[in-house]
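A.B. asks: What follows is a single structure, and I will ask about it in a moment.
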Amino acid sequence: MTVLRDMRPVYVVGVGMHRYQFASDTNYIHMGLTALRGALKDAGVDFPDIESAFVGCTGIGMAAGRILFSHIGWTGLAVTQVENASASGSSAFQLACLEVASGRREVSMALGVDKYGDQVRAVAKEGVNRLSDTATIPLVKYALLAEYLKKEKGLTAEDLALVASKNHTNAADNPYAQFQKPRSVADVLASKPVMGDFTSLMCTPRGEGAAAAIVCSEAALKRLQISGIPVRVLSSTLESERPQVGREMGSVAVARSVAQRTYHEAGITAEDLQVVELHDAFAIEELLYTETFGLCKTGEGHFWLRDGASRIGGQCAVNSSGGLIAQGHPLGPTGVGQIHEIVQQLRGQAGPRQQPDARVGMAHMIGLGSIAIAHVLRRD
Amino acid sequence: MELEKADLCAIGAGQGANGPVLTLRAGMCGACRQLHFPITAYGCPRCGAEPGRVAEQALDGRATLLSFATIHSRLSPLITPPCVVGEAEIAPGLIEEIMLAGEESQYADGMAVRAVGVEITRGDTAVLACRFEPAEDAP
Ligand SMILES: [Zn+2]
């Protein structure tokens, strides 16, 4: 298999976002164009410079991308819509990177945009019943896992609340975040009970928004006279779940497998990472993934968290954007929004959320099904 | 009364505390000799064998409860919180999410549970739904 590092170098040169927000009457065209114009301005390029676009979108409908782009110029760019559940934006980014890495295009783009509410899940059309009426609700699976880990590892509801408090507090300084209010552990514990120890502030909100990332080749960097700090994409890795072995959920096993593979492809180890954006749809996931990604030792995720290692300024800032819990999770844009955050961090442009000396970062997403996808980025 | 999700379970022999004992409809693959649940019209999910290679195998509905928690919020229109959901091993290596009858205070990790048909209403219709309850031989 040929990996990204064996192909032409790919650089992220522009990122933009429309704030994530609760369902509103804001048109998706408006949100998408806001993110797109932000990315164009950031890169210092014009829309006609973009040769192809991959649009991550789960709920708007057929041809969302083509209709969106028809409002910014009929340039003939190649448009492909990508749906991969929560990882739609990450998959769109992967395809944009591969376009450039393979030599097919010089400049490509991933754009994620979504409205909340129109998503249709294929599992409802599978024609297979499940014993539990909640068997296809991820929150239930993770709440049960948290119950298990509580007894197995001594996790507490306070640990879950600490993840959420950290991420809400990070998001308070993020102008694109859906929630922008610092929350204490006590605030999180006092929010609405959902299941077991889970409260509403430990879970991602539903919402909408947009994010865009422009990638290009070395030749295009020179031709377009891009003056900003380019961020190289070192790896791009995607796998789906295998059968569950023991108590470890398949989605956690595939998250680990993808992290290990993407480190190998990028030629790094977990110790090289200063910033990580990961799928904290539920606080328990962040505790698990910091272990499965090798950021800390297995079984010590809650100690690593309590030590402040995952805070901004710690060993590796995890979800400096606020993550899915607080920046939000509008599905189509989420993976591209992670790239936005990593790029800002690696360029040293994250403002009050800046992780000192950030040079290498990873964006890691889980999509329903489950699939896992990861990208490692580095400032050269 | 009609059994809800009759593709997953069937009325067995005997009576539990909350309703008739149910068996579970698993599939045994003739190609890879692995058990899967539930049996479907699509074949073996493990090795991809055609449906014709899969034979139905009734499980006795007894399971080991691994974890459980109470749902407080209406996560699905199909549930009425508070309700208790858990994970249980319904056959060696086969872990399924299950719904438990009654309140969580009667359950413990590692406890033996069994599938029974519990009367619930769906709209205006009463049906028997598969729920798990403490098995009589539980320690
Ligand atoms: Zn088989």
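Identifiers in this document derive from the order of the structure tokens: chains are assigned A, B, ..., residues are numbered from 1 separately in each chain, and ligands are numbered from 1 in order of occurrence.
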Please report as JSON lines every residue of chain B lying within 9 Å of ligand 1, along with the nearest atom pair and their distance in Å (one decimal), using only C-alpha atoms and all ligand atoms.
C.D. replies:
{"residue": "B:Met28", "atom": "CA", "partner": "ligand 1", "partner_atom_place_in_ligand_line": "1 (Zn)", "distance": 7.7}
{"residue": "B:Cys29", "atom": "CA", "partner": "ligand 1", "partner_atom_place_in_ligand_line": "1 (Zn)", "distance": 4.6}
{"residue": "B:Gly30", "atom": "CA", "partner": "ligand 1", "partner_atom_place_in_ligand_line": "1 (Zn)", "distance": 6.6}
{"residue": "B:Ala31", "atom": "CA", "partner": "ligand 1", "partner_atom_place_in_ligand_line": "1 (Zn)", "distance": 5.1}
{"residue": "B:Cys32", "atom": "CA", "partner": "ligand 1", "partner_atom_place_in_ligand_line": "1 (Zn)", "distance": 4.1}
{"residue": "B:Arg33", "atom": "CA", "partner": "ligand 1", "partner_atom_place_in_ligand_line": "1 (Zn)", "distance": 6.2}
{"residue": "B:Gln34", "atom": "CA", "partner": "ligand 1", "partner_atom_place_in_ligand_line": "1 (Zn)", "distance": 5.9}
{"residue": "B:Leu35", "atom": "CA", "partner": "ligand 1", "partner_atom_place_in_ligand_line": "1 (Zn)", "distance": 8.0}
{"residue": "B:His36", "atom": "CA", "partner": "ligand 1", "partner_atom_place_in_ligand_line": "1 (Zn)", "distance": 8.7}
{"residue": "B:Gly43", "atom": "CA", "partner": "ligand 1", "partner_atom_place_in_ligand_line": "1 (Zn)", "distance": 7.8}
{"residue": "B:Cys44", "atom": "CA", "partner": "ligand 1", "partner_atom_place_in_ligand_line": "1 (Zn)", "distance": 4.6}
{"residue": "B:Pro45", "atom": "CA", "partner": "ligand 1", "partner_atom_place_in_ligand_line": "1 (Zn)", "distance": 6.6}
{"residue": "B:Arg46", "atom": "CA", "partner": "ligand 1", "partner_atom_place_in_ligand_line": "1 (Zn)", "distance": 5.0}
{"residue": "B:Cys47", "atom": "CA", "partner": "ligand 1", "partner_atom_place_in_ligand_line": "1 (Zn)", "distance": 4.0}
{"residue": "B:Gly48", "atom": "CA", "partner": "ligand 1", "partner_atom_place_in_ligand_line": "1 (Zn)", "distance": 5.9}
{"residue": "B:Ala49", "atom": "CA", "partner": "ligand 1", "partner_atom_place_in_ligand_line": "1 (Zn)", "distance": 5.3}
{"residue": "B:Glu50", "atom": "CA", "partner": "ligand 1", "partner_atom_place_in_ligand_line": "1 (Zn)", "distance": 8.5}
{"residue": "B:Arg53", "atom": "CA", "partner": "ligand 1", "partner_atom_place_in_ligand_line": "1 (Zn)", "distance": 7.9}
{"residue": "B:Val54", "atom": "CA", "partner": "ligand 1", "partner_atom_place_in_ligand_line": "1 (Zn)", "distance": 7.6}
A.B. asks: Applying 8 Å and only C-alpha atoms, which residues near B:Arg62 remain after dropping the ones on its own chain fewer than 3 positions away? List them as a VMD selection string.
C.D. replies: chain B and resid 59 90 112 to 115 135
A.B. asks: Could you please write out, as a ChimeraX atom specification, every residue of stretch 12-118 of chain B that DSSP assigns to helix (DSSP H, G or I)?
C.D. replies: /B:51-53,104-106
A.B. asks: Please extract the residues of stretch 101-339 of chain A with a backbone DSSP assignment of strand (DSSP E or B) and present them as a ChimeraX atom specification.
C.D. replies: /A:107-114,193-195,198-199,203,208-216,231-240,245,248,275-277,282,317-318
A.B. asks: Restricting the output to N, CA and C atoms, write the selected residues as a compact mmCIF listing (two decimals), in the first residue's frame.
C.D. replies:
# COMPACT_ATOMS: atom_id res chain seq x y z
N VAL A 107 -4.28 22.10 -6.44
CA VAL A 107 -4.97 22.76 -5.33
C VAL A 107 -6.35 22.09 -5.15
N SER A 108 -6.63 21.63 -3.96
CA SER A 108 -7.93 21.00 -3.68
C SER A 108 -8.46 21.53 -2.35
N MET A 109 -9.68 21.16 -2.05
CA MET A 109 -10.30 21.72 -0.86
C MET A 109 -11.26 20.70 -0.23
N ALA A 110 -11.32 20.72 1.10
CA ALA A 110 -12.37 19.99 1.82
C ALA A 110 -13.26 21.02 2.47
N LEU A 111 -14.54 20.84 2.28
CA LEU A 111 -15.49 21.75 2.92
C LEU A 111 -16.55 20.90 3.60
N GLY A 112 -16.76 21.14 4.88
CA GLY A 112 -17.83 20.43 5.60
C GLY A 112 -18.93 21.41 5.93
N VAL A 113 -20.13 21.03 5.66
CA VAL A 113 -21.26 21.90 6.00
C VAL A 113 -22.45 21.02 6.34
N ASP A 114 -23.21 21.40 7.34
CA ASP A 114 -24.40 20.61 7.69
C ASP A 114 -25.42 21.45 8.43
N PRO A 193 -29.23 14.98 34.11
CA PRO A 193 -28.81 13.58 34.01
C PRO A 193 -29.31 12.95 32.72
N VAL A 194 -28.45 12.17 32.07
CA VAL A 194 -28.83 11.56 30.79
C VAL A 194 -28.91 10.04 30.94
N MET A 195 -27.78 9.45 31.36
CA MET A 195 -27.76 7.99 31.58
C MET A 195 -26.60 7.65 32.49
N PHE A 198 -23.58 9.93 33.14
CA PHE A 198 -23.51 10.95 32.09
C PHE A 198 -24.53 12.07 32.36
N THR A 199 -24.02 13.31 32.25
CA THR A 199 -24.93 14.45 32.29
C THR A 199 -24.84 15.15 30.93
N CYS A 203 -21.84 15.47 27.11
CA CYS A 203 -22.19 14.93 25.79
C CYS A 203 -22.19 16.04 24.76
N GLU A 208 -25.15 22.81 13.93
CA GLU A 208 -24.89 23.03 12.51
C GLU A 208 -23.70 23.97 12.37
N GLY A 209 -23.17 24.08 11.17
CA GLY A 209 -22.02 24.95 10.96
C GLY A 209 -21.29 24.57 9.70
N ALA A 210 -20.09 25.14 9.53
CA ALA A 210 -19.28 24.84 8.34
C ALA A 210 -17.81 25.06 8.64
N ALA A 211 -16.96 24.33 7.91
CA ALA A 211 -15.51 24.48 8.04
C ALA A 211 -14.89 24.15 6.69
N ALA A 212 -13.78 24.81 6.36
CA ALA A 212 -13.11 24.57 5.08
C ALA A 212 -11.61 24.53 5.26
N ALA A 213 -10.95 23.72 4.44
CA ALA A 213 -9.49 23.64 4.45
C ALA A 213 -9.00 23.50 3.01
N ILE A 214 -8.05 24.35 2.62
CA ILE A 214 -7.48 24.30 1.27
C ILE A 214 -6.11 23.63 1.36
N VAL A 215 -5.88 22.65 0.47
CA VAL A 215 -4.58 21.97 0.44
C VAL A 215 -3.95 22.15 -0.93
N CYS A 216 -2.63 22.16 -0.98
CA CYS A 216 -1.97 22.31 -2.29
C CYS A 216 -0.61 21.65 -2.29
N VAL A 231 1.32 24.08 6.46
CA VAL A 231 1.35 22.96 7.41
C VAL A 231 1.26 21.66 6.61
N ARG A 232 2.27 20.81 6.75
CA ARG A 232 2.31 19.59 5.93
C ARG A 232 1.43 18.49 6.52
N VAL A 233 0.72 17.79 5.64
CA VAL A 233 -0.07 16.62 6.06
C VAL A 233 0.82 15.40 5.89
N LEU A 234 1.16 14.75 6.99
CA LEU A 234 2.13 13.64 6.95
C LEU A 234 1.47 12.29 6.74
N SER A 235 0.22 12.15 7.19
CA SER A 235 -0.43 10.84 7.06
C SER A 235 -1.93 11.00 6.99
N SER A 236 -2.56 9.98 6.45
CA SER A 236 -4.02 9.98 6.30
C SER A 236 -4.47 8.52 6.34
N THR A 237 -5.19 8.15 7.37
CA THR A 237 -5.43 6.73 7.64
C THR A 237 -6.89 6.48 7.99
N LEU A 238 -7.47 5.46 7.40
CA LEU A 238 -8.89 5.14 7.63
C LEU A 238 -9.07 3.63 7.72
N GLU A 239 -9.81 3.18 8.74
CA GLU A 239 -10.16 1.75 8.86
C GLU A 239 -11.57 1.64 9.43
N SER A 240 -12.18 0.45 9.28
CA SER A 240 -13.47 0.21 9.93
C SER A 240 -13.32 -0.88 10.99
N VAL A 245 -13.72 -8.04 20.66
CA VAL A 245 -13.03 -9.09 21.42
C VAL A 245 -13.06 -8.65 22.88
N GLU A 248 -13.68 -4.67 25.16
CA GLU A 248 -13.32 -3.45 24.44
C GLU A 248 -14.23 -3.27 23.23
N VAL A 275 -0.43 18.61 20.05
CA VAL A 275 -1.86 18.92 20.01
C VAL A 275 -2.61 17.76 19.35
N VAL A 276 -3.74 17.40 19.93
CA VAL A 276 -4.60 16.35 19.39
C VAL A 276 -6.04 16.80 19.49
N GLU A 277 -6.76 16.70 18.38
CA GLU A 277 -8.21 16.87 18.40
C GLU A 277 -8.79 15.47 18.26
N PHE A 282 -18.63 11.90 23.82
CA PHE A 282 -18.95 11.66 25.23
C PHE A 282 -17.63 11.69 25.99
N ALA A 317 -1.90 19.13 24.39
CA ALA A 317 -3.23 19.74 24.55
C ALA A 317 -4.24 18.90 23.77
N VAL A 318 -5.23 18.36 24.48
CA VAL A 318 -6.26 17.53 23.84
C VAL A 318 -7.54 18.35 23.73
A.B. asks: List the spatial neighbours of B:Ser73 as JSON, numbers by chain - criterion: any atom at most 12 Å away, only C-alpha atoms, same-chain residues fewer than 5 positions off excluded.
C.D. replies: {"A": [134, 139, 140, 192, 193, 194, 195, 196, 198, 199, 200], "B": [78, 79, 80, 81, 82, 83, 84]}
A.B. asks: For the selection you just gave me, I'd like the residues written to a file as a short mmCIF file (atom, residue, chain, number, x, y, z; two decimals), in the first residue's frame, keeping N, CA, C and O atoms.
C.D. replies:
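Saved as again17.cif:
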data_model
loop_
_atom_site.label_atom_id
_atom_site.label_comp_id
_atom_site.auth_asym_id
_atom_site.auth_seq_id
_atom_site.Cartn_x
_atom_site.Cartn_y
_atom_site.Cartn_z
N THR A 134 -32.43 0.75 22.25
CA THR A 134 -31.42 1.82 22.17
C THR A 134 -30.10 1.30 21.58
O THR A 134 -29.06 1.95 21.71
N LEU A 139 -24.53 6.94 22.53
CA LEU A 139 -24.46 7.40 23.92
C LEU A 139 -24.67 6.24 24.89
O LEU A 139 -23.99 6.14 25.92
N VAL A 140 -25.59 5.35 24.56
CA VAL A 140 -25.91 4.23 25.47
C VAL A 140 -24.71 3.29 25.59
O VAL A 140 -24.33 2.86 26.68
N LYS A 192 -28.17 18.32 33.41
CA LYS A 192 -29.26 17.33 33.33
C LYS A 192 -28.75 15.89 33.25
O LYS A 192 -27.91 15.57 32.41
N PRO A 193 -29.23 14.98 34.11
CA PRO A 193 -28.81 13.58 34.01
C PRO A 193 -29.31 12.95 32.72
O PRO A 193 -30.46 13.18 32.32
N VAL A 194 -28.45 12.17 32.07
CA VAL A 194 -28.83 11.56 30.79
C VAL A 194 -28.91 10.04 30.94
O VAL A 194 -29.94 9.43 30.68
N MET A 195 -27.78 9.45 31.36
CA MET A 195 -27.76 7.99 31.58
C MET A 195 -26.60 7.65 32.49
O MET A 195 -25.49 8.12 32.26
N GLY A 196 -26.83 6.81 33.48
CA GLY A 196 -25.76 6.47 34.42
C GLY A 196 -25.16 7.75 34.98
O GLY A 196 -25.89 8.62 35.48
N PHE A 198 -23.58 9.93 33.14
CA PHE A 198 -23.51 10.95 32.09
C PHE A 198 -24.53 12.07 32.36
O PHE A 198 -25.70 11.80 32.61
N THR A 199 -24.02 13.31 32.25
CA THR A 199 -24.93 14.45 32.29
C THR A 199 -24.84 15.15 30.93
O THR A 199 -23.95 14.86 30.13
N SER A 200 -25.77 16.08 30.69
CA SER A 200 -25.86 16.66 29.35
C SER A 200 -24.57 17.38 28.95
O SER A 200 -24.17 17.32 27.79
N LEU B 78 -38.89 5.27 21.36
CA LEU B 78 -39.30 3.91 21.71
C LEU B 78 -39.19 3.62 23.21
O LEU B 78 -39.67 2.60 23.68
N ILE B 79 -38.52 4.51 23.96
CA ILE B 79 -38.34 4.21 25.39
C ILE B 79 -39.07 5.23 26.26
O ILE B 79 -39.29 6.37 25.85
N THR B 80 -39.42 4.78 27.46
CA THR B 80 -40.03 5.65 28.46
C THR B 80 -39.14 5.65 29.69
O THR B 80 -39.16 4.70 30.48
N PRO B 81 -38.29 6.68 29.84
CA PRO B 81 -37.40 6.69 31.01
C PRO B 81 -38.17 6.95 32.30
O PRO B 81 -39.25 7.55 32.25
N PRO B 82 -37.63 6.57 33.48
CA PRO B 82 -36.37 5.84 33.59
C PRO B 82 -36.50 4.38 33.16
O PRO B 82 -37.51 3.74 33.45
N CYS B 83 -35.50 3.88 32.45
CA CYS B 83 -35.47 2.45 32.13
C CYS B 83 -34.03 1.98 32.20
O CYS B 83 -33.11 2.77 32.09
N VAL B 84 -33.87 0.68 32.41
CA VAL B 84 -32.54 0.13 32.65
C VAL B 84 -32.08 -0.65 31.42
O VAL B 84 -32.81 -1.51 30.90
#
A.B. asks: Give me, as a VMD selection string, all polymer residues having an atom no more than 9 Å from A:Ser310, counting only C-alpha atoms and skipping those fewer than 3 positions away in the same chain.
C.D. replies: chain A and resid 166 275 290 304 to 307 313 to 320
A.B. asks: If you keep C-alpha atoms, can you produce a file of those selected residues as a CSV table (one decimal), in the first residue's frame?
C.D. replies:
chain,number,residue,atom,x,y,z
A,166,LYS,CA,-11.6,21.3,30.5
A,275,VAL,CA,-1.9,18.9,20.0
A,290,THR,CA,-5.7,9.3,25.3
A,304,TRP,CA,-3.0,11.9,33.1
A,305,LEU,CA,-6.1,14.1,32.9
A,306,ARG,CA,-6.0,14.9,36.7
A,307,ASP,CA,-2.3,15.8,36.3
A,313,GLY,CA,0.2,24.1,28.3
A,314,GLY,CA,0.4,20.4,29.4
A,315,GLN,CA,2.3,17.6,27.7
A,316,CYS,CA,-0.2,17.4,24.8
A,317,ALA,CA,-3.2,19.7,24.5
A,318,VAL,CA,-6.3,17.5,23.8
A,319,ASN,CA,-9.3,19.2,22.2
A,320,SER,CA,-7.9,22.8,22.6
A.B. asks: Point out the residue among B:Glu103, B:Asp60, B:Glu2, B:Asp109 with the least atom-to-atom distance to chain A, counting only C-alpha atoms.
C.D. replies: B:Asp109
A.B. asks: Sorted by chain and rising residue number, which residues of chain A lie within 8 Å of chain B, and what are their closest atom pairs and distances in Å to one decimal, counting only C-alpha atoms, as a tab-separated table?
C.D. replies:
residue	atom	partner	partner_atom	distance
A:Val128	CA	B:Thr40	CA	6.8
A:Asn129	CA	B:Lys5	CA	6.6
A:Arg130	CA	B:Leu8	CA	7.4
A:Leu131	CA	B:Ile98	CA	5.7
A:Ser132	CA	B:Ile98	CA	4.8
A:Asp133	CA	B:Leu78	CA	6.4
A:Thr134	CA	B:Ser76	CA	6.9
A:Ala135	CA	B:Glu97	CA	6.1
A:Ile137	CA	B:Leu75	CA	7.9
A:Ala143	CA	B:Ala69	CA	7.5
A:Leu144	CA	B:Phe68	CA	6.0
A:Leu145	CA	B:Ser67	CA	7.7
A:Glu147	CA	B:Ser67	CA	6.4
A:Tyr148	CA	B:Ser67	CA	5.8
A:Pro193	CA	B:His72	CA	6.2
A:Val194	CA	B:Ser73	CA	5.0
A:Met195	CA	B:Ile71	CA	4.2
A:Gly196	CA	B:Ala69	CA	5.0
A:Val245	CA	B:Gly93	CA	7.6
A:Gly246	CA	B:Gly93	CA	7.2
